[in-house]
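A short worksheet on the structure shown next.
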Amino acid sequence: MIIKKVKIILLIFLLFPNFVFAKSIKQSGQNFQENIFKAEVLQVLNQKNIVRKDGSRSIVQKLRVKGLQGKWKDKEIVFNYIEEDAIVRDLYKKGNKVLVSCSQDVNGNYKFYIIGFIRTDSIFLLTLIFVLTIALTGRWRGIRAILGLIFSFFVILKLIIPQILQGSDPLSITLAYSFLIIIVSTYLVYGLDKKSTISIIGTFFGIFIVGILSVIFTDLTRLVGFAQEETIYLMNIMGQKLNMQGLLLSGFIIGAIGILSDITVSQVSTVKEINGANLNLSKKSLFGKAMKVGVDHISSMVNTLFLAYAGVSFPLLMLFSVKQAPFLTFSQVINNEIIATEIVRTLVGSIGLALAVPITTFLAVYFYKKQKD
């Protein structure tokens, strides 16, 4: 009976998510049009090596490109990279597709800048391989998992980010819509059953723990959210309207959703299978056996969580080995906000993960040992 009530509550939240918000999304009066177009490199007019005063080397190029879209379609533009001092990683060749930014100075003259290579085709190809692989190996459930992934991206890009840009509190908005992501993704992949509902409740507890710890320890460690260049750029655009610390906390929450959902579903499945194999087990015995598996989950998932964050911020880990100012000592490294942010992110996520396992296991044991609804 309790499970049924919980399902009703979750479905109400799913169908009417805007009840949790005090603000509605409004269209901004500002028009952020970017004059960016695609182009193709027709010819490398000049290319030479340069040795800087500090001894470092680079390759600079002079390019002729042709616009591929918009008002610049079929028009040719020459880029003099000798003056721009391009570096080796921006070495272009004939036939390369590039993105070009166009702007006007105070006199109305156009200025062009190559942003970088067009990677769309390669990304689409990799995405296609990913979808086919998941669909072939996971079959119908794999396809539903992909739909859940698409829904998560939609919520983040079309609901969470627009409200934050409108000035809403990032933490409360992210928490509310994170619950929506968890509900839809779990029910979509695993179906409207007891296992899904219990895992959703367990994930809610985990997210709540991560949220509380994130708030407490970002305050104790004095993290303000300016560790990345992207956040500074956002601040320059949005000004004081954007809550940078709230944005940092939102990132903590979103980063923990996937790993928590995975481990809670696995733990509920473990309880279900053990109970099904031996219906005579007591609640205490069932909890103990399920937790043995849960401990293995915690051990592997904590390591997975650390490696996931380490992979994203691998250059930061190299600072532990660099003996250059301002990273001469361990104290200087550990107190740097960039490093401290990643440490707090990893630890609060791991704590939420570790506590979500016994909570979810307890809930699963309680409901599966009861008489059938």
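Ligands are numbered from 1 in the order shown, chains are lettered A, B, ... in the order of the structure tokens, and residues start at 1 in each chain.
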Name the residues of range 150-362 of chain A that come out as helix (DSSP H, G or I) in a backbone DSSP run; write them as a PyMOL selection string. chain A and resi 150-165+170-190+194-220+229-241+244-277+283-312+314-318+330-334+337-362
Mind dumping a table of every range 206-288 of chain A residue within 12 Å of range 344-367 of chain A, with the nearest atom pair and its distance in Å to one decimal, using only C-alpha atoms, sorted by chain and rising number, as a tab-separated table?
```
residue	atom	partner	partner_atom	distance
A:Gly206	CA	A:Ala356	CA	4.9
A:Ile207	CA	A:Gly352	CA	6.9
A:Phe208	CA	A:Gly352	CA	8.2
A:Ile209	CA	A:Gly352	CA	5.5
A:Val210	CA	A:Gly352	CA	5.1
A:Gly211	CA	A:Val348	CA	8.5
A:Ile212	CA	A:Val348	CA	9.1
A:Leu213	CA	A:Val348	CA	6.1
A:Ser214	CA	A:Val348	CA	6.4
A:Val215	CA	A:Val348	CA	10.0
A:Ile216	CA	A:Val348	CA	10.1
A:Phe217	CA	A:Val344	CA	7.2
A:Thr218	CA	A:Val344	CA	7.5
A:Asp219	CA	A:Val344	CA	10.9
A:Leu220	CA	A:Val344	CA	10.5
A:Thr221	CA	A:Val344	CA	8.6
A:Arg222	CA	A:Val344	CA	11.1
A:Leu223	CA	A:Val344	CA	9.4
A:Gly225	CA	A:Arg345	CA	12.0
A:Leu248	CA	A:Arg345	CA	9.4
A:Leu249	CA	A:Arg345	CA	9.0
A:Ser250	CA	A:Arg345	CA	10.9
A:Gly251	CA	A:Arg345	CA	8.7
A:Phe252	CA	A:Arg345	CA	5.9
A:Ile253	CA	A:Gly349	CA	8.4
A:Ile254	CA	A:Gly349	CA	10.3
A:Gly255	CA	A:Gly349	CA	8.1
A:Ala256	CA	A:Gly349	CA	5.8
A:Ile257	CA	A:Gly349	CA	9.3
A:Gly258	CA	A:Leu353	CA	10.7
A:Ile259	CA	A:Leu353	CA	7.7
A:Leu260	CA	A:Leu353	CA	6.0
A:Ser261	CA	A:Leu353	CA	9.6
A:Asp262	CA	A:Leu353	CA	10.1
A:Ile263	CA	A:Val357	CA	7.2
A:Thr264	CA	A:Thr360	CA	6.2
A:Val265	CA	A:Thr360	CA	8.8
A:Ser266	CA	A:Val357	CA	9.5
A:Gln267	CA	A:Thr361	CA	6.2
A:Val268	CA	A:Ala364	CA	5.7
A:Ser269	CA	A:Ala364	CA	8.7
A:Thr270	CA	A:Thr361	CA	8.7
A:Val271	CA	A:Ala364	CA	6.4
A:Lys272	CA	A:Ala364	CA	7.6
A:Glu273	CA	A:Ala364	CA	11.1
A:Ile274	CA	A:Val365	CA	10.1
A:Asn275	CA	A:Val365	CA	8.4
A:Gly276	CA	A:Val365	CA	11.6
A:Leu279	CA	A:Val365	CA	11.6
A:Leu281	CA	A:Val365	CA	10.5
A:Ser282	CA	A:Val365	CA	9.4
A:Lys283	CA	A:Val365	CA	6.2
A:Lys284	CA	A:Val365	CA	8.6
A:Ser285	CA	A:Val365	CA	9.8
A:Leu286	CA	A:Val365	CA	6.8
A:Phe287	CA	A:Val365	CA	6.3
A:Gly288	CA	A:Thr361	CA	9.4
```
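Minimum distance to Ile164 in chain A across A:Ile150, A:Leu91, A:Ile183, A:Leu242 (counting only C-alpha atoms) occurs at A:Leu242.
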Can you list, as a VMD selection string, every residue of range 68-186 of chain A that DSSP puts in strand (DSSP E)? chain A and resid 76 to 80 97 to 104 110 to 117
Env of range 187-190 of chain A: 10 Å cut, atoms = only C-alpha atoms, seq-sep filter 2 positions within chain, self excluded. Answer as number ranges by chain. A: 140-148, 182-185, 192-197, 199-200, 265
Selection near range 99-103 of chain A, 12 Å with only C-alpha atoms, sequence-local residues under 3 positions removed, as a PyMOL selection string: chain A and resi 33-41+65-73+76-79+96+106-120
